[in-house]
Amino acid sequence: MASHKPHVLILPLSITGHINPLMHISAQLVSQGLHVTFVVSQRVFACTMEAKSNILDQNQEDLMVVKVSTADEVSVEHPDIKSLHDERFLRNFYETMSMQEGVEQLVGKLQGEGRPAALMIADVFVTWAHEVTDKFDIPLLAFFTSNATSCSVFYRAGSLKRQGILPLRDENGNFIAKDTVTCIQGVPPLHPRDFPFCLTFPSSHFRFRFILDLYDNFHKSCGVVMNTFEELETNAIAALREEFPVYSVGPLLLFGGQHLTSVKPDVSYFQQEDDCLEWLETHPSSSILYISFGSDASLSPAQTKDLALGLEASHQPFLWVI
């Protein structure tokens, strides 16, 4: 029997930091009486199902995790690959790009079963999502996983390039001498080294070129959902609202446990080690410095050494995720 609850289709980029916030949003939608279909690839299906079981202690049937087919072999041969995180990003990106046919089949199947999607929320990096929603006449909201300031810089990257501000590095990867950038509406002055990571590459790098192509995606949706809140980024949000509707729904990490369950619902593709828990229990609450730069960032040996020496000199107990 078809459900009469409004049905939302969620489409993340296949990267941990993009899936987790959309899983938090999905749980909140379910808590408000909606039905959600969360679409992922075969590779991340198992850990996403585990996150679902953690995040919801009731209404499990209203958050459906569905896997769709992808390319059998995702090639990551690319001249710009210089590191493991380059390779990981490309593999996840190409995998998501190969999901379009499977998602179209799923949307058609849901319509045929009397369970049509009333809305799709897709990561802004899933650049083909608008083709699916246009084909099936479904409203589309884009989701930007980071903050409004980063979004403002991404959105205006093409304009910054035309002004000669971008790229920030030459083709050898060396920073080009630049002054602090003050012309981005709603954004405080930015030193070149403070720019979002993807825009610190040379102009020929695939990540740099990809961000330049994002501009149109912001205008192919009904609006952009962001993991931020008004009081934190008043100016950046206001500036973006002059270009397209913005819905600030963050900080999403507070959603887990506040209304749903006390178990943290994050997805992780890496083996989890819990040996540290016993050590943590021997220290007072809020006494440990936690250090993590995420799954896509990497430190050079020199940076790692400097950080380690600083931690040693601080005499502060710490937990460092590497």
# chains A, B, ... in the order shown; residues from 1 in each chain; ligands from 1
$ select_by_dssp --residues "segment 149-202 of chain A" --states "helix (DSSP H, G or I)" --output "count of residues only"
20
$ select_by_dssp --residues "segment 6-226 of chain A" --states "strand (DSSP E or B)" --output "PyMOL selection string"
chain A and resi 7-11+35-41+63-68+119-123+140-144+169+175+181+190+224-226
$ write_last_selection --atoms "C-alpha atoms" --output "short mmCIF file (atom, residue, chain, number, x, y, z; two decimals), in the first residue's frame"
data_model
loop_
_atom_site.label_atom_id
_atom_site.label_comp_id
_atom_site.auth_asym_id
_atom_site.auth_seq_id
_atom_site.Cartn_x
_atom_site.Cartn_y
_atom_site.Cartn_z
CA HIS A 7 8.32 11.52 0.06
CA VAL A 8 11.81 13.09 -0.13
CA LEU A 9 14.70 11.64 -2.14
CA ILE A 10 18.18 12.33 -0.71
CA LEU A 11 21.22 12.10 -2.99
CA HIS A 35 9.21 9.51 4.28
CA VAL A 36 12.84 9.59 3.05
CA THR A 37 14.67 7.48 0.48
CA PHE A 38 18.43 7.84 0.90
CA VAL A 39 20.26 6.82 -2.29
CA VAL A 40 23.83 5.51 -2.17
CA SER A 41 26.20 3.29 -4.12
CA LEU A 63 14.05 6.12 6.27
CA MET A 64 14.86 3.76 3.43
CA VAL A 65 18.49 3.38 2.34
CA VAL A 66 18.58 2.24 -1.29
CA LYS A 67 21.61 1.23 -3.35
CA VAL A 68 21.87 1.82 -7.08
CA LEU A 119 11.26 16.66 -3.55
CA MET A 120 14.90 15.78 -4.14
CA ILE A 121 17.71 17.12 -1.96
CA ALA A 122 21.01 16.53 -3.75
CA ASP A 123 24.55 17.47 -2.89
CA LEU A 140 15.25 20.14 -6.45
CA LEU A 141 17.03 21.61 -3.45
CA ALA A 142 20.84 21.69 -3.56
CA PHE A 143 22.77 20.88 -0.39
CA PHE A 144 26.07 22.54 0.41
CA ARG A 169 49.16 28.87 -7.35
CA PHE A 175 51.68 30.27 -4.21
CA VAL A 181 41.14 39.48 -1.05
CA LEU A 190 40.78 36.43 2.98
CA VAL A 224 20.42 25.85 -1.39
CA VAL A 225 20.38 24.16 2.02
CA MET A 226 23.48 24.88 4.11
#
$ closest_residue --among "A:Ala117, A:Leu232, A:Val246, A:Cys151" --to "Leu199 of chain A" --atoms "only C-alpha atoms"
A:Cys151
$ atom_distance --atom1 "atom CA of Leu289 of chain A" --atom2 "atom CA of Leu252 of chain A"
22.1 Å
$ closest_residue --among "A:Tyr155, A:Asp274, A:Ile165, A:Gln42" --to "Ala239 of chain A" --atoms "only C-alpha atoms"
A:Tyr155
$ residues_around --residues "segment 97-99 of chain A" --least-positions-apart "6" --cutoff "10 Å" --atoms "only C-alpha atoms" --output "list in words"
Leu13, Ser14, Val39, Val40, Ser41, Lys67, Val68, Ser69, Thr70, Ala71, Asp72, Val74, Arg91, Phe125, Val126, Thr127, Trp128 and Ala129 of chain A
$ residues_around --residues "segment 297-311 of chain A" --least-positions-apart "3" --cutoff "12 Å" --atoms "only C-alpha atoms" --output "list in words"
Gly17, Lys82, Ser83, Leu84, His85, Asp86, Arg88, Phe89, Pro196, Phe197, Cys198, Ile288, Leu289, Tyr290, Ile291, Ser292, Phe293, Gly294, Ser314, His315, Gln316, Pro317, Phe318, Leu319, Trp320, Val321 and Ile322 of chain A
$ write_last_selection --atoms "N, CA and C atoms" --output "compact mmCIF listing (two decimals), in the first residue's frame"
# COMPACT_ATOMS: atom_id res chain seq x y z
N GLY A 17 32.16 13.03 4.62
CA GLY A 17 31.75 14.34 5.10
C GLY A 17 30.55 14.91 4.37
N LYS A 82 48.26 13.38 -7.22
CA LYS A 82 49.57 13.53 -6.59
C LYS A 82 49.62 12.92 -5.20
N SER A 83 48.46 12.48 -4.69
CA SER A 83 48.43 11.98 -3.32
C SER A 83 47.28 11.01 -3.16
N LEU A 84 47.25 10.34 -2.01
CA LEU A 84 46.19 9.40 -1.71
C LEU A 84 44.84 10.09 -1.63
N HIS A 85 44.78 11.31 -1.07
CA HIS A 85 43.47 11.96 -0.96
C HIS A 85 42.99 12.44 -2.32
N ASP A 86 43.88 12.74 -3.26
CA ASP A 86 43.45 13.02 -4.64
C ASP A 86 42.78 11.78 -5.24
N ARG A 88 41.46 9.20 -3.65
CA ARG A 88 40.22 8.88 -2.95
C ARG A 88 39.09 9.78 -3.41
N PHE A 89 39.38 11.08 -3.56
CA PHE A 89 38.35 12.01 -4.00
C PHE A 89 37.86 11.64 -5.40
N PRO A 196 39.20 28.19 0.46
CA PRO A 196 38.82 26.78 0.50
C PRO A 196 39.83 25.93 -0.28
N PHE A 197 40.06 24.74 0.25
CA PHE A 197 41.13 23.85 -0.24
C PHE A 197 41.11 23.67 -1.76
N CYS A 198 39.93 23.41 -2.33
CA CYS A 198 39.85 23.10 -3.77
C CYS A 198 40.28 24.27 -4.65
N ILE A 288 40.53 16.42 27.53
CA ILE A 288 41.36 15.90 26.44
C ILE A 288 41.23 16.78 25.21
N LEU A 289 42.35 17.11 24.61
CA LEU A 289 42.37 17.84 23.34
C LEU A 289 42.19 16.83 22.20
N TYR A 290 41.16 17.02 21.40
CA TYR A 290 40.86 16.12 20.27
C TYR A 290 41.34 16.76 18.98
N ILE A 291 42.10 16.02 18.18
CA ILE A 291 42.69 16.56 16.95
C ILE A 291 42.30 15.66 15.78
N SER A 292 41.63 16.23 14.78
CA SER A 292 41.26 15.49 13.58
C SER A 292 41.07 16.47 12.44
N PHE A 293 41.66 16.18 11.30
CA PHE A 293 41.56 17.06 10.14
C PHE A 293 40.65 16.48 9.06
N GLY A 294 39.91 15.42 9.38
CA GLY A 294 38.98 14.84 8.42
C GLY A 294 39.65 13.84 7.51
N SER A 314 52.94 21.34 25.05
CA SER A 314 51.76 21.84 25.75
C SER A 314 51.47 21.09 27.04
N HIS A 315 52.00 19.86 27.13
CA HIS A 315 51.75 18.99 28.30
C HIS A 315 50.25 18.75 28.49
N GLN A 316 49.51 18.82 27.38
CA GLN A 316 48.07 18.62 27.42
C GLN A 316 47.74 17.22 26.92
N PRO A 317 46.99 16.40 27.67
CA PRO A 317 46.57 15.09 27.14
C PRO A 317 45.78 15.28 25.85
N PHE A 318 46.05 14.48 24.82
CA PHE A 318 45.38 14.66 23.55
C PHE A 318 45.07 13.31 22.89
N LEU A 319 44.08 13.34 22.02
CA LEU A 319 43.73 12.21 21.17
C LEU A 319 43.81 12.69 19.74
N TRP A 320 44.74 12.12 18.97
CA TRP A 320 45.01 12.58 17.61
C TRP A 320 44.61 11.48 16.63
N VAL A 321 43.65 11.80 15.77
CA VAL A 321 43.20 10.85 14.77
C VAL A 321 44.03 11.01 13.51
N ILE A 322 44.71 9.95 13.10
CA ILE A 322 45.59 10.02 11.93
C ILE A 322 45.09 9.04 10.86
$ closest_residue --among "A:Glu273, A:Glu243, A:Asp170, A:Asp137" --to "Gln111 of chain A" --atoms "only C-alpha atoms"
A:Asp137
$ closest_residue --among "A:Ser248, A:Glu104, A:Phe195, A:Leu168" --to "Asp134 of chain A" --atoms "only C-alpha atoms"
A:Glu104
$ closest_residue --among "A:Arg43, A:Arg241, A:Lys5, A:Lys135" --to "Leu29 of chain A" --atoms "only C-alpha atoms"
A:Lys5
